[in-house]
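Asker: Contents of coords.tsv (TSV, C-alpha atoms):
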chain	number	residue	atom	x	y	z
A	254	MET	CA	-8.55	-64.83	-66.50
A	255	ALA	CA	-5.16	-65.05	-68.27
A	256	ALA	CA	-5.59	-68.81	-68.64
A	257	ALA	CA	-9.02	-68.24	-70.15
A	258	ARG	CA	-7.37	-66.08	-72.81
A	259	GLY	CA	-4.86	-68.85	-73.54
A	260	LEU	CA	-1.86	-66.96	-72.19
A	261	SER	CA	1.05	-68.52	-70.42
A	262	LEU	CA	2.41	-66.48	-67.53
A	263	THR	CA	5.36	-67.50	-65.42
A	264	ALA	CA	4.94	-68.75	-61.87
A	265	THR	CA	6.12	-65.39	-60.55
A	266	THR	CA	3.59	-63.46	-62.65
A	267	GLN	CA	0.22	-63.06	-60.99
A	268	ARG	CA	-2.87	-60.97	-61.64
A	269	ALA	CA	-3.41	-58.40	-58.91
A	270	VAL	CA	-6.96	-57.48	-57.98
A	271	THR	CA	-6.38	-55.26	-54.96
A	272	PRO	CA	-4.08	-52.33	-54.24
A	273	TRP	CA	-0.59	-53.28	-53.06
A	274	PRO	CA	0.20	-52.96	-49.35
A	275	ARG	CA	2.46	-50.07	-48.42
A	276	GLY	CA	5.69	-50.12	-46.43
A	277	ARG	CA	7.23	-53.33	-47.76
A	278	LEU	CA	10.72	-51.90	-48.09
A	279	LEU	CA	12.70	-49.20	-46.39
A	280	ALA	CA	13.45	-47.22	-49.55
A	281	ALA	CA	12.01	-44.11	-47.92
A	282	SER	CA	15.08	-44.02	-45.70
A	283	LEU	CA	17.18	-43.59	-48.87
A	284	GLY	CA	15.57	-40.17	-49.38
A	285	LEU	CA	14.09	-41.07	-52.77
A	286	GLN	CA	11.45	-38.67	-54.04
A	287	VAL	CA	9.15	-40.24	-56.61
A	288	ARG	CA	6.51	-38.43	-58.63
A	289	ARG	CA	3.35	-40.02	-59.98
A	290	GLU	CA	3.51	-39.15	-63.63
A	291	ALA	CA	3.61	-40.78	-67.01
A	292	SER	CA	7.07	-40.64	-68.49
A	293	SER	CA	8.69	-41.75	-71.68
A	294	SER	CA	11.11	-44.62	-71.47
A	295	SER	CA	13.17	-43.68	-74.46
A	296	PRO	CA	16.61	-45.16	-75.03
A	297	GLU	CA	18.04	-41.88	-73.69
A	298	ALA	CA	16.08	-42.32	-70.46
A	299	GLY	CA	17.67	-40.92	-67.34
A	300	GLU	CA	19.02	-42.80	-64.37
A	301	GLY	CA	15.68	-42.73	-62.54
A	302	GLN	CA	13.85	-44.24	-65.50
A	303	ILE	CA	12.86	-47.80	-66.28
A	304	ARG	CA	13.47	-48.70	-69.92
A	305	LEU	CA	11.42	-51.30	-71.82
A	306	THR	CA	12.83	-53.50	-74.56
A	307	ASP	CA	10.93	-54.01	-77.79
A	308	SER	CA	10.12	-57.61	-76.80
A	309	CYS	CA	8.69	-56.38	-73.47
A	310	VAL	CA	6.50	-53.80	-75.22
A	311	GLN	CA	5.30	-56.36	-77.77
A	312	ARG	CA	4.42	-58.97	-75.12
A	313	LEU	CA	2.62	-56.44	-72.90
A	314	LEU	CA	0.51	-55.29	-75.84
A	315	GLU	CA	-0.43	-58.93	-76.46
A	316	ILE	CA	-1.44	-59.83	-72.89
A	317	THR	CA	-2.92	-56.66	-71.41
A	318	GLU	CA	-6.51	-55.55	-71.85
A	319	GLY	CA	-7.97	-52.12	-71.23
A	320	SER	CA	-6.32	-50.42	-68.28
A	321	GLU	CA	-4.04	-53.35	-67.36
A	322	PHE	CA	-0.33	-52.82	-66.95
A	323	LEU	CA	2.71	-54.72	-65.71
A	324	ARG	CA	3.62	-54.02	-62.09
A	325	LEU	CA	7.26	-54.49	-61.07
A	326	GLN	CA	7.99	-54.91	-57.37
A	327	VAL	CA	11.08	-55.69	-55.35
A	328	GLU	CA	10.61	-57.88	-52.28
A	329	GLY	CA	12.96	-59.32	-49.71
A	330	GLY	CA	13.86	-62.93	-50.44
A	331	GLY	CA	15.50	-65.10	-53.03
A	332	CYS	CA	18.99	-66.50	-52.85
A	333	SER	CA	20.66	-63.07	-53.11
A	334	GLY	CA	18.53	-61.03	-50.67
A	335	PHE	CA	15.98	-59.30	-52.92
A	336	GLN	CA	13.77	-60.63	-55.69
A	337	TYR	CA	11.80	-59.16	-58.57
A	338	LYS	CA	8.06	-59.76	-58.73
A	339	PHE	CA	5.95	-59.12	-61.82
A	340	SER	CA	2.15	-59.03	-61.94
A	341	LEU	CA	-0.63	-57.65	-64.09
A	342	ASP	CA	-2.58	-54.95	-62.29
A	343	THR	CA	-5.19	-52.24	-62.94
A	344	VAL	CA	-4.81	-50.04	-59.83
A	345	ILE	CA	-2.34	-47.15	-59.82
A	346	ASN	CA	-1.55	-46.05	-56.27
A	347	PRO	CA	-0.51	-42.51	-55.22
A	348	ASP	CA	3.15	-43.52	-54.74
A	349	ASP	CA	3.46	-45.33	-58.10
A	350	ARG	CA	5.58	-44.19	-61.02
A	351	VAL	CA	4.33	-45.04	-64.50
A	352	PHE	CA	6.76	-45.80	-67.34
A	353	GLU	CA	5.20	-46.01	-70.78
A	354	GLN	CA	6.64	-46.90	-74.15
A	355	GLY	CA	4.76	-47.70	-77.33
A	356	GLY	CA	1.43	-48.02	-75.49
A	357	ALA	CA	2.78	-50.55	-72.95
A	358	ARG	CA	2.97	-49.51	-69.30
A	359	VAL	CA	5.15	-50.70	-66.44
A	360	VAL	CA	4.36	-49.35	-62.97
A	361	VAL	CA	6.81	-49.35	-60.07
A	362	ASP	CA	6.00	-48.26	-56.51
A	363	SER	CA	8.31	-45.75	-54.82
A	364	ASP	CA	9.78	-48.36	-52.46
A	365	SER	CA	10.76	-50.66	-55.32
A	366	LEU	CA	11.98	-47.87	-57.61
A	367	ALA	CA	14.95	-47.23	-55.34
A	368	PHE	CA	16.15	-50.76	-56.14
A	369	VAL	CA	15.54	-50.77	-59.93
A	370	LYS	CA	16.05	-47.19	-61.13
A	371	GLY	CA	17.99	-47.14	-64.37
A	372	ALA	CA	17.22	-50.80	-65.15
A	373	GLN	CA	15.68	-52.33	-68.25
A	374	VAL	CA	12.63	-54.64	-68.37
A	375	ASP	CA	12.72	-57.37	-71.00
A	376	PHE	CA	10.54	-60.29	-72.04
A	377	SER	CA	12.54	-63.45	-72.65
A	378	GLN	CA	11.12	-66.48	-74.40
A	379	GLU	CA	13.12	-69.69	-74.13
A	380	LEU	CA	12.38	-73.34	-74.65
A	381	ILE	CA	11.97	-74.02	-70.91
A	382	ARG	CA	10.31	-70.74	-69.85
A	383	SER	CA	8.99	-67.36	-70.89
A	384	SER	CA	9.19	-64.48	-68.45
A	385	PHE	CA	9.63	-60.80	-67.85
A	386	GLN	CA	13.11	-60.02	-66.52
A	387	VAL	CA	15.04	-57.05	-65.17
A	388	LEU	CA	18.27	-56.49	-67.09
A	389	ASN	CA	21.21	-54.16	-66.51
A	390	ASN	CA	20.09	-53.04	-63.05
A	391	PRO	CA	22.65	-50.43	-61.92
A	392	GLN	CA	21.45	-50.82	-58.31
A	393	ALA	CA	22.29	-54.55	-58.21
A	394	GLN	CA	25.71	-55.70	-57.07
A	395	GLN	CA	25.24	-59.33	-58.02
A	396	GLY	CA	22.42	-61.70	-58.86
A	397	CYS	CA	21.60	-65.36	-58.96
A	398	SER	CA	22.01	-67.40	-62.11
A	399	CYS	CA	18.26	-67.45	-62.87
A	400	GLY	CA	18.10	-63.64	-62.77
A	401	SER	CA	15.16	-63.38	-60.39
A	402	SER	CA	17.06	-62.30	-57.26
A	403	PHE	CA	19.86	-59.85	-56.56
A	404	SER	CA	21.82	-58.05	-53.86
A	405	ILE	CA	22.09	-54.26	-53.78
A	406	LYS	CA	25.14	-52.03	-53.95
A	407	LEU	CA	25.88	-50.41	-50.63
As structure tokens - that is how I would like this structure written.

Answerer:
Amino acid sequence: MAAARGLSLTATTQRAVTPWPRGRLLAASLGLQVRREASSSSPEAGEGQIRLTDSCVQRLLEITEGSEFLRLQVEGGGCSGFQYKFSLDTVINPDDRVFEQGGARVVVDSDSLAFVKGAQVDFSQELIRSSFQVLNNPQAQQGCSCGSSFSIKL
């Protein structure tokens, strides 16, 4: 559908049509309590917040339709142990946390939030690629040079 609208999405960005499977990560063992609520991602956002850059908000407003939003997930894999996964979705699950700024929404499930809380989501457009990226992740110890995978602080 995105191709039909003439949009270019990165290889790691996919359109989700079904709810996400539960239990991918063991974040529950970290004792994280996540509420399902809309919250502002202002520049003064707290440590448990996800902040959106202006370029991220602008790009999301361009590519989303209706109830679509950007889903951010953390999965095992990549060269550093964990990797970020972005997709467009329309289903908000009971354990999701919604971060909204300027009409653009980013949704993170409770498992993934433990690995990205306090981070910033950006949209980067370069000559060789355009993609959503996680910047300034306080939970990441180090990452790979492409920015799509990271290891966590212990």

Asker: Suppose you want the space between CA of Ser308 in chain A and CA of Val369 in chain A; what is it in Å?

Answerer: 19.0 Å

Asker: Work out how far apart CA of Asn389 in chain A and CA of Ser363 in chain A are and give it in Å to one decimal.

Answerer: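 The value is 19.3 Å.
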
Asker: Applying 7 Å and all atoms listed in the file, which residues near range 314-321 of chain A remain after dropping the ones on its own chain fewer than 6 positions away? List them as a ChimeraX atom specification.

Answerer: /A:341-343,357

Asker: What is the CA of Ser383 in chain A-CA of Ile405 in chain A distance in Å, reported with one decimal?

Answerer: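 Spanning CA of Ser383 in chain A to CA of Ile405 in chain A is a straight-line distance of 25.2 Å.
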
Asker: So, with all atoms listed in the file as the atoms that count, which of A:Ser340, A:Gln378, A:Gln354, A:Gln394 lies closest to Arg304 in chain A?

Answerer: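 Checking each of A:Ser340, A:Gln378, A:Gln354, A:Gln394 against Arg304 in chain A, counting all atoms listed in the file, the winner is A:Gln354.
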
Asker: Point out the residue among A:Leu388, A:Gly355, A:Asp362, A:Asn346 with the least atom-to-atom distance to Asp307 in chain A, counting only C-alpha atoms.

Answerer: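 For Asp307 in chain A, the nearest of the given residues is A:Gly355.
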
Asker: Skipping near chain neighbours, those fewer than 2 positions away, what residues fall within 7 Å of range 373-375 of chain A using only C-alpha atoms, listed as a ChimeraX atom specification?

Answerer: /A:303-306,308-309,371,377,385-390

Asker: Considering only C-alpha atoms, state which residue in the set A:Gln302, A:Val344, A:Gln392, A:Val310 is at the smallest distance from Phe376 in chain A.

Answerer: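 Smallest separation from Phe376 in chain A among the options: A:Val310.
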
Asker: Which residues come within 10 Å of Gly301 in chain A, counting all atoms listed in the file, excluding same-chain residues fewer than 4 positions away, as a ChimeraX atom specification?

Answerer: /A:287,366-367,369-372

Asker: Looking at A:Val351, A:Leu313, A:Ile381, A:Val360, which one is nearest to Val327 in chain A, with distances taken over all atoms listed in the file?

Answerer: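 Among the listed residues, the smallest separation from Val327 in chain A belongs to A:Val360.
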
Asker: Counting all atoms listed in the file, which of A:Gly356, A:Arg312, A:Asp349, A:Ser365 gets nearest to Glu328 in chain A?

Answerer: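 When distances to Glu328 in chain A are compared using all atoms listed in the file, the smallest one comes from A:Ser365.
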